[in-house]
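To keep things clear, I will list the structure first and then write my remarks on it.
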Amino acid sequence: MLVFTPAFGATLSDATGLVNRFDIETGGQIFEITTTANFDVDRVEFDKDQKQLTFYINSGLENNLGELEIPQKLLSGNFTIYLNDKSFKPKINSNEKISFITLNFAGSGNNKIDVIATNYLDEVDEPENQGNSTGNEKPPSEIGGCLIATATFDSELSPQVQQLRELRDNQLLKTKTGSDFMSMFNTFYYSFSPQVADMERENPWFKETVKISITPLLLSLSILNSVDMDSEIEVLGYGVSIILLNLGMYFAVPALIIVRLSKG
C-alpha cells in the first residue's frame, strides 16, 4: 500500500474549488492523478495488487462536488466505486487517455472514496523499452481542464466550466469524430492557453476583456448540450454549424460593421 500527498494544490475560489495533483509511481512509471473539488483531498493511497485508489477527503460543506482524473494507462476497464465503504455510482466518462469520475455526494467532515479498476498498467510498455522517457510526460491531448475559462470565472467548478466539461464528457467523447476533434483541439489549445490564463490572473482588465470575448462562444456551445449527438454524422454536422456560427459572430459581423462605418 502506497500513500501519496499532493504534488500541487491551489485554491481557485473562496467558495469553491481546490485542485490537487498526486504523483503515483508504480511499475517504473509516474502517473498524475488530478482532483478538482470543493473539498480537500488530504491524501491518496494506491494498492497495485487490488488495482485500487483510495481518496481521503476532508469537507467543510454538506454538499460535495468534485472530479477525479485518472490516467487510463494506470487504471482502466470497469470501475467500482465505494463511498465510505458503501457502493456508490458516480458519473464516469472516459476517452483513450483519461477516466473522468464526477463526484456529487452529501456529508461534511471526513469521507473516503475507493476507486477499483479491472485493469492495471494497461498498454504501458516495460520501462526498458521506453528509451529516455520518464513516464510522466503527457501529450497535450491528455491534459484535462479548460484553463482560460477557469481563470476567467475563477473556478473549475463554475457553471461555465462545468458546461464545457459536460459537453466534452457527454457529447464529444462518446464518438470517434468527437474524440479525434478533442485530440486535435487540445494540441492547439494547450499551446497558448497556459500563458493566457496566467495573464488573466495578473491583469484584471485583461481578464474582463477575455470574459466579454468568450461569452458569445460559450452561449453558442450551450446549444450542443441540449441536442442529441449520438452518431458521427450528427457530431460533424453540429460541429461545423457551431464553427460557422462563431466565424460569423467573431469575424463576419465585425468586418461588416467596419465596412459600413468606413463608407459612412
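In the C-alpha cells, chains take letters A, B, ... by order of appearance, with residues numbered from 1 within each chain and ligands from 1 in the order shown.
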Among range 21-237 of chain A, which residues carry a DSSP assignment of strand (DSSP E), reported as a PyMOL selection string?
chain A and resi 21-26+29-37+40-47+52-59+63-71+75-76+80-83+86-88+91-94+98-106+109-116+119-120
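Around range 194-205 of chain A, within 7 Å and counting only C-alpha atoms, the residues found are Leu147, Ile148, Ala151 and Thr152 of chain A, once anything fewer than 6 positions away on its own chain is removed.
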Go ahead and dump the residues you just picked, C-alpha atoms, as a tab-separated table (two decimals), in the first residue's frame.
```tsv
chain	number	residue	atom	x	y	z
A	147	LEU	CA	-7.51	26.80	-18.36
A	148	ILE	CA	-8.80	30.03	-19.90
A	151	ALA	CA	-9.06	31.68	-14.94
A	152	THR	CA	-11.90	33.81	-16.34
```
Given only C-alpha atoms as the basis, pick out the residue of A:Ala117, A:Ile258, A:Ala37, A:Leu221 nearest to Gln72 in chain A.
A:Ala117
Residue list (helix (DSSP H, G or I), DSSP) for range 34-262 of chain A, as number ranges by chain:
A: 127-129, 140-142, 147-153, 159-170, 172-174, 176-189, 193-202, 204-226, 232-262
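Minimum atom-to-atom distances from A:Ile116, A:Met182, A:Ile57, A:Leu75 to Leu103 in chain A were compared using only C-alpha atoms, and the lowest value belongs to A:Ile57.
Among the candidates A:Leu217, A:Leu65, A:Leu121, A:Leu173, the residue lying nearest to Phe31 in chain A is A:Leu121 (atoms considered: only C-alpha atoms).
Minimum atom-to-atom distance to Gln160 in chain A, evaluated using only C-alpha atoms, belongs to A:Thr215 out of A:Thr215, A:Leu245, A:Asn104, A:Phe206.
Counting only C-alpha atoms and comparing A:Phe22, A:Tyr250, A:Phe79, A:Tyr238, the residue that lies closest to Tyr120 in chain A is A:Phe79.
Excluding Glu234 in chain A itself and any same-chain residue fewer than 2 positions from it, the protein and nucleic acid residues within 12 Å of it, counting only C-alpha atoms, are Gln171, Leu172, Lys174, Thr175, Lys176, Thr177, Gly178, Leu224, Val227, Asp228, Met229, Asp230, Ser231, Glu232, Leu236, Gly237, Tyr238, Gly239, Val240 and Ser241 of chain A.
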Go ahead and write the selection's residues with N, CA and C atoms as a short mmCIF file (atom, residue, chain, number, x, y, z; two decimals), in the first residue's frame.
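Final output, result_30.cif:
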```
data_model
loop_
_atom_site.label_atom_id
_atom_site.label_comp_id
_atom_site.auth_asym_id
_atom_site.auth_seq_id
_atom_site.Cartn_x
_atom_site.Cartn_y
_atom_site.Cartn_z
N GLN A 171 -20.98 14.53 -24.78
CA GLN A 171 -21.25 14.62 -26.21
C GLN A 171 -20.04 14.21 -27.04
N LEU A 172 -18.95 14.98 -26.92
CA LEU A 172 -17.83 14.80 -27.86
C LEU A 172 -17.09 13.48 -27.67
N LYS A 174 -18.02 10.68 -26.75
CA LYS A 174 -18.80 9.46 -26.98
C LYS A 174 -18.73 8.97 -28.43
N THR A 175 -18.11 9.75 -29.29
CA THR A 175 -17.96 9.33 -30.69
C THR A 175 -16.51 9.46 -31.11
N LYS A 176 -16.13 8.73 -32.13
CA LYS A 176 -14.75 8.79 -32.62
C LYS A 176 -14.44 10.16 -33.21
N THR A 177 -15.41 10.71 -33.95
CA THR A 177 -15.21 12.04 -34.53
C THR A 177 -14.97 13.07 -33.44
N GLY A 178 -15.79 13.02 -32.38
CA GLY A 178 -15.62 13.96 -31.28
C GLY A 178 -14.31 13.77 -30.55
N LEU A 224 -25.12 22.84 -27.93
CA LEU A 224 -24.74 21.43 -28.12
C LEU A 224 -25.12 20.57 -26.92
N VAL A 227 -28.81 19.13 -27.42
CA VAL A 227 -29.17 18.31 -28.58
C VAL A 227 -28.53 16.93 -28.43
N ASP A 228 -29.07 15.98 -29.16
CA ASP A 228 -28.53 14.61 -29.15
C ASP A 228 -27.51 14.47 -30.27
N MET A 229 -26.30 14.04 -29.89
CA MET A 229 -25.26 13.79 -30.89
C MET A 229 -24.77 12.36 -30.69
N ASP A 230 -25.59 11.42 -31.14
CA ASP A 230 -25.30 10.01 -30.91
C ASP A 230 -24.59 9.35 -32.08
N SER A 231 -24.43 10.06 -33.18
CA SER A 231 -23.77 9.47 -34.34
C SER A 231 -22.65 10.38 -34.83
N GLU A 232 -21.78 9.79 -35.66
CA GLU A 232 -20.65 10.56 -36.20
C GLU A 232 -21.16 11.71 -37.08
N LEU A 236 -20.46 15.74 -36.52
CA LEU A 236 -19.84 16.53 -37.59
C LEU A 236 -20.74 17.68 -38.01
N GLY A 237 -22.04 17.39 -38.17
CA GLY A 237 -22.97 18.43 -38.62
C GLY A 237 -23.09 19.56 -37.62
N TYR A 238 -23.34 19.22 -36.35
CA TYR A 238 -23.46 20.25 -35.33
C TYR A 238 -22.14 20.99 -35.13
N GLY A 239 -21.04 20.26 -35.21
CA GLY A 239 -19.73 20.89 -35.02
C GLY A 239 -19.45 21.93 -36.07
N VAL A 240 -19.70 21.58 -37.34
CA VAL A 240 -19.47 22.52 -38.44
C VAL A 240 -20.39 23.73 -38.29
N SER A 241 -21.63 23.49 -37.88
CA SER A 241 -22.59 24.60 -37.71
C SER A 241 -22.13 25.58 -36.64
#
```
Would you mind telling me which residue in A:Thr102, A:Thr54, A:Ser87, A:Asn93 lies nearest to Asp114 in chain A when using only C-alpha atoms?
A:Thr54
Exercise: Gln52 in chain A partners within 6 Å, only C-alpha atoms, chain neighbours under 4 positions left out, as a ChimeraX atom specification:
/A:46-47,115-116
Can I get the selected residues back with N, CA and C atoms, as a PDB file, in the first residue's frame?
```pdb
ATOM      1  N   PHE A  46      -2.563   4.065  -2.916  1.00  0.00           N
ATOM      2  CA  PHE A  46      -2.655   3.243  -4.113  1.00  0.00           C
ATOM      3  C   PHE A  46      -2.209   1.821  -3.809  1.00  0.00           C
ATOM      4  N   ASP A  47      -3.043   0.864  -4.189  1.00  0.00           N
ATOM      5  CA  ASP A  47      -2.750  -0.555  -3.988  1.00  0.00           C
ATOM      6  C   ASP A  47      -2.751  -1.218  -5.361  1.00  0.00           C
ATOM      7  N   VAL A 115     -11.723   3.710  -5.425  1.00  0.00           N
ATOM      8  CA  VAL A 115     -11.895   3.505  -6.859  1.00  0.00           C
ATOM      9  C   VAL A 115     -11.153   2.227  -7.238  1.00  0.00           C
ATOM     10  N   ILE A 116     -11.879   1.223  -7.677  1.00  0.00           N
ATOM     11  CA  ILE A 116     -11.289  -0.076  -8.002  1.00  0.00           C
ATOM     12  C   ILE A 116     -11.506  -0.350  -9.484  1.00  0.00           C
TER      13      ILE A 116
END
```
